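Structure file work-v5.json with JSON, C-alpha atoms:
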[["chain", "number", "residue", "atom", "x", "y", "z"],
["A", 1, "MET", "CA", 23.89, -31.22, 33.11],
["A", 2, "SER", "CA", 20.16, -31.00, 33.70],
["A", 3, "GLN", "CA", 17.74, -30.79, 30.80],
["A", 4, "SER", "CA", 16.59, -27.28, 31.79],
["A", 5, "SER", "CA", 20.13, -25.89, 31.68],
["A", 6, "GLU", "CA", 20.79, -27.63, 28.35],
["A", 7, "GLY", "CA", 17.84, -25.75, 26.88],
["A", 8, "MET", "CA", 19.59, -22.48, 27.69],
["A", 9, "LEU", "CA", 22.84, -23.23, 25.87],
["A", 10, "CYS", "CA", 23.79, -20.53, 23.39],
["A", 11, "ARG", "CA", 23.66, -21.86, 19.87],
["A", 12, "LEU", "CA", 23.08, -18.62, 17.94],
["A", 13, "TYR", "CA", 25.73, -15.95, 17.71],
["A", 14, "ARG", "CA", 25.36, -12.52, 16.12],
["A", 15, "VAL", "CA", 28.32, -10.51, 14.83],
["A", 16, "ILE", "CA", 27.80, -6.74, 14.76],
["A", 17, "VAL", "CA", 30.19, -4.32, 13.08],
["A", 18, "GLU", "CA", 30.42, -0.67, 14.10],
["A", 19, "LYS", "CA", 32.38, 1.73, 11.89],
["A", 20, "VAL", "CA", 34.09, 4.26, 14.15],
["A", 21, "THR", "CA", 36.26, 6.19, 11.69],
["A", 22, "SER", "CA", 36.14, 6.97, 8.03],
["A", 23, "GLY", "CA", 39.01, 8.00, 5.81],
["A", 24, "ARG", "CA", 42.69, 8.44, 6.52],
["A", 25, "HIS", "CA", 42.33, 11.26, 8.99],
["A", 26, "GLY", "CA", 39.02, 10.18, 10.49],
["A", 27, "ARG", "CA", 38.53, 10.69, 14.18],
["A", 28, "VAL", "CA", 37.79, 7.71, 16.36],
["A", 29, "MET", "CA", 34.40, 8.11, 17.96],
["A", 30, "ARG", "CA", 34.63, 7.23, 21.63],
["A", 31, "SER", "CA", 31.88, 5.02, 22.89],
["A", 32, "THR", "CA", 30.83, 4.63, 26.48],
["A", 33, "GLN", "CA", 27.69, 2.85, 25.34],
["A", 34, "GLN", "CA", 26.96, -0.72, 26.28],
["A", 35, "GLN", "CA", 25.32, -1.42, 22.91],
["A", 36, "PRO", "CA", 26.59, -0.87, 19.35],
["A", 37, "CYS", "CA", 25.73, 2.72, 18.34],
["A", 38, "GLY", "CA", 23.48, 2.86, 21.40],
["A", 39, "LEU", "CA", 20.95, 0.67, 19.57],
["A", 40, "THR", "CA", 18.92, -2.10, 21.16],
["A", 41, "ASP", "CA", 18.88, -5.61, 19.74],
["A", 42, "GLY", "CA", 15.57, -4.87, 18.01],
["A", 43, "GLU", "CA", 16.94, -1.71, 16.37],
["A", 44, "LEU", "CA", 19.97, -3.39, 14.79],
["A", 45, "THR", "CA", 19.59, -4.23, 11.12],
["A", 46, "ASN", "CA", 21.40, -5.51, 8.05],
["A", 47, "TYR", "CA", 24.18, -3.73, 6.16],
["A", 48, "LYS", "CA", 22.03, -2.36, 3.33],
["A", 49, "THR", "CA", 19.36, -0.89, 5.60],
["A", 50, "ALA", "CA", 21.88, 0.50, 8.09],
["A", 51, "THR", "CA", 23.99, 2.24, 5.43],
["A", 52, "GLY", "CA", 20.84, 3.56, 3.77],
["A", 53, "ARG", "CA", 19.83, 5.15, 7.08],
["A", 54, "GLY", "CA", 23.34, 6.47, 7.76],
["A", 55, "VAL", "CA", 23.74, 4.20, 10.80],
["A", 56, "ALA", "CA", 27.31, 3.09, 11.55],
["A", 57, "CYS", "CA", 26.32, -0.32, 12.99],
["A", 58, "TYR", "CA", 25.00, -3.36, 11.20],
["A", 59, "ILE", "CA", 24.54, -7.07, 11.72],
["A", 60, "ALA", "CA", 27.26, -8.80, 9.71],
["A", 61, "ALA", "CA", 26.30, -12.38, 10.54],
["A", 62, "GLU", "CA", 24.14, -14.74, 12.51],
["A", 63, "ILE", "CA", 25.83, -18.06, 13.03],
["A", 64, "VAL", "CA", 24.10, -21.17, 14.34],
["A", 65, "ILE", "CA", 26.38, -23.65, 16.07],
["A", 66, "VAL", "CA", 25.14, -27.15, 15.35],
["A", 67, "ASP", "CA", 28.15, -29.19, 16.43],
["A", 68, "ASP", "CA", 30.43, -28.38, 19.36],
["A", 69, "LYS", "CA", 33.34, -29.49, 17.16],
["A", 70, "ASP", "CA", 32.55, -26.81, 14.55],
["A", 71, "ASP", "CA", 35.76, -24.80, 14.48],
["A", 72, "GLU", "CA", 35.48, -23.05, 11.11],
["A", 73, "PRO", "CA", 36.92, -19.54, 11.52],
["A", 74, "PHE", "CA", 34.75, -16.49, 10.96],
["A", 75, "ILE", "CA", 36.41, -13.53, 9.24],
["A", 76, "VAL", "CA", 34.78, -10.13, 9.66],
["A", 77, "GLY", "CA", 34.37, -8.42, 6.29],
["A", 78, "ASP", "CA", 34.82, -11.48, 4.05],
["A", 79, "GLY", "CA", 31.92, -10.46, 1.75],
["A", 80, "LYS", "CA", 29.93, -13.65, 2.40],
["A", 81, "LYS", "CA", 26.40, -14.11, 3.77],
["A", 82, "TYR", "CA", 25.78, -15.73, 7.14],
["A", 83, "GLY", "CA", 22.26, -16.39, 8.37],
["A", 84, "GLY", "CA", 20.90, -14.05, 5.70],
["A", 85, "TYR", "CA", 23.19, -11.15, 6.69],
["A", 86, "TYR", "CA", 25.83, -9.68, 4.40],
["A", 87, "ASN", "CA", 29.27, -9.56, 6.01],
["A", 88, "ALA", "CA", 30.36, -6.48, 4.03],
["A", 89, "PRO", "CA", 34.03, -5.94, 3.17],
["A", 90, "LEU", "CA", 35.74, -3.48, 5.50],
["A", 91, "GLN", "CA", 37.35, -0.27, 4.25],
["A", 92, "ARG", "CA", 41.13, -0.34, 4.66],
["A", 93, "ASP", "CA", 41.32, 3.27, 5.86],
["A", 94, "ALA", "CA", 38.54, 2.96, 8.44],
["A", 95, "SER", "CA", 38.45, 1.67, 12.02],
["A", 96, "TYR", "CA", 35.81, -0.63, 13.42],
["A", 97, "ARG", "CA", 34.53, -2.13, 16.64],
["A", 98, "VAL", "CA", 33.23, -5.68, 16.57],
["A", 99, "TRP", "CA", 30.49, -6.81, 18.92],
["A", 100, "LEU", "CA", 29.33, -10.37, 19.59],
["A", 101, "GLY", "CA", 25.76, -11.19, 20.52],
["A", 102, "PHE", "CA", 24.78, -14.36, 22.33],
["A", 103, "ILE", "CA", 21.17, -15.21, 21.63],
["A", 104, "VAL", "CA", 19.24, -17.64, 23.81],
["A", 105, "THR", "CA", 15.58, -18.45, 24.20],
["A", 106, "VAL", "CA", 14.32, -19.18, 27.70],
["A", 107, "ASP", "CA", 10.69, -20.17, 28.26],
["A", 108, "GLY", "CA", 9.84, -18.89, 24.78],
["A", 109, "VAL", "CA", 11.43, -15.47, 25.38],
["A", 110, "ARG", "CA", 14.42, -14.50, 23.24],
["A", 111, "HIS", "CA", 17.32, -12.77, 24.98],
["A", 112, "CYS", "CA", 20.35, -11.18, 23.32],
["A", 113, "ILE", "CA", 23.45, -10.26, 25.30],
["A", 114, "ILE", "CA", 25.91, -8.12, 23.33],
["A", 115, "VAL", "CA", 29.56, -7.54, 24.26],
["A", 116, "MET", "CA", 32.32, -5.62, 22.51],
["A", 117, "ILE", "CA", 35.09, -7.98, 21.46],
["A", 118, "SER", "CA", 37.40, -5.48, 19.72],
["A", 119, "LYS", "CA", 38.11, -1.76, 19.93]]
Could you write out this file's structure as structure tokens?
Amino acid sequence: MSQSSEGMLCRLYRVIVEKVTSGRHGRVMRSTQQQPCGLTDGELTNYKTATGRGVACYIAAEIVIVDDKDDEPFIVGDGKKYGGYYNAPLQRDASYRVWLGFIVTVDGVRHCIIVMISK
């Protein structure tokens, strides 16, 4: 592998949680958006700020992969902090979507690609 392509390897992952229902009889909000809650990478924020603003999406974790052999599982909603972000416990009677962001820096410019990994 060339040195230039090695510099583009993804080593930072962002986990984003989107609450789509609330309560026992909550309706599932259908999303045709390509981003969580229609927000850009720069608009996403931590749990406390998002809930304070009434936004249903928040960054639950940023995880740096240091070793390719790092296989420690990540559990959404475990109440721990990852990369300075609080991975808030999930409500049992709510439904969520989980998004995964792949963050790379190329020529000093940061890029974040976000994909939905659960519905």
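Going from atom CA of A:Tyr13 to atom CA of A:Gly77 covers 16.2 Å.
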## Note on the structure
Residue with the minimum atom-to-atom distance to A:Val20, picked from A:Phe102, A:Phe74, A:Tyr82, A:Tyr96 with all atoms listed in the file counted, is A:Tyr96
How close does stretch 67-109 of chain A get to stretch 32-55 of chain A? List, as a Markdown table, each residue of stretch 67-109 of chain A within 9 Å, its nearest atom pair and the distance in Å to one decimal, counting all atoms listed in the file.
| residue | atom | partner | partner_atom | distance |
| --- | --- | --- | --- | --- |
| A:Gly84 | CA | A:Asn46 | CA | 8.9 |
| A:Tyr85 | CA | A:Asn46 | CA | 6.1 |
| A:Tyr86 | CA | A:Tyr47 | CA | 6.4 |
| A:Asn87 | CA | A:Tyr47 | CA | 7.7 |
| A:Ala88 | CA | A:Tyr47 | CA | 7.1 |
| A:Arg97 | CA | A:Pro36 | CA | 8.5 |
| A:Val98 | CA | A:Pro36 | CA | 8.7 |
| A:Trp99 | CA | A:Pro36 | CA | 7.1 |
| A:Gly101 | CA | A:Asp41 | CA | 8.9 |
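Across the structure, atom CA of A:Val64 and atom CA of A:Lys81 are spaced 12.9 Å apart.
The nearest approach to A:Ile103 among the residues A:Val76, A:Ile65, A:Ala60, A:Ile117, with only C-alpha atoms taken into account, belongs to A:Ile65.
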### Query
atom CA of A:Arg14 to atom CA of A:Glu62: how many Å, to one decimal?
4.4 Å
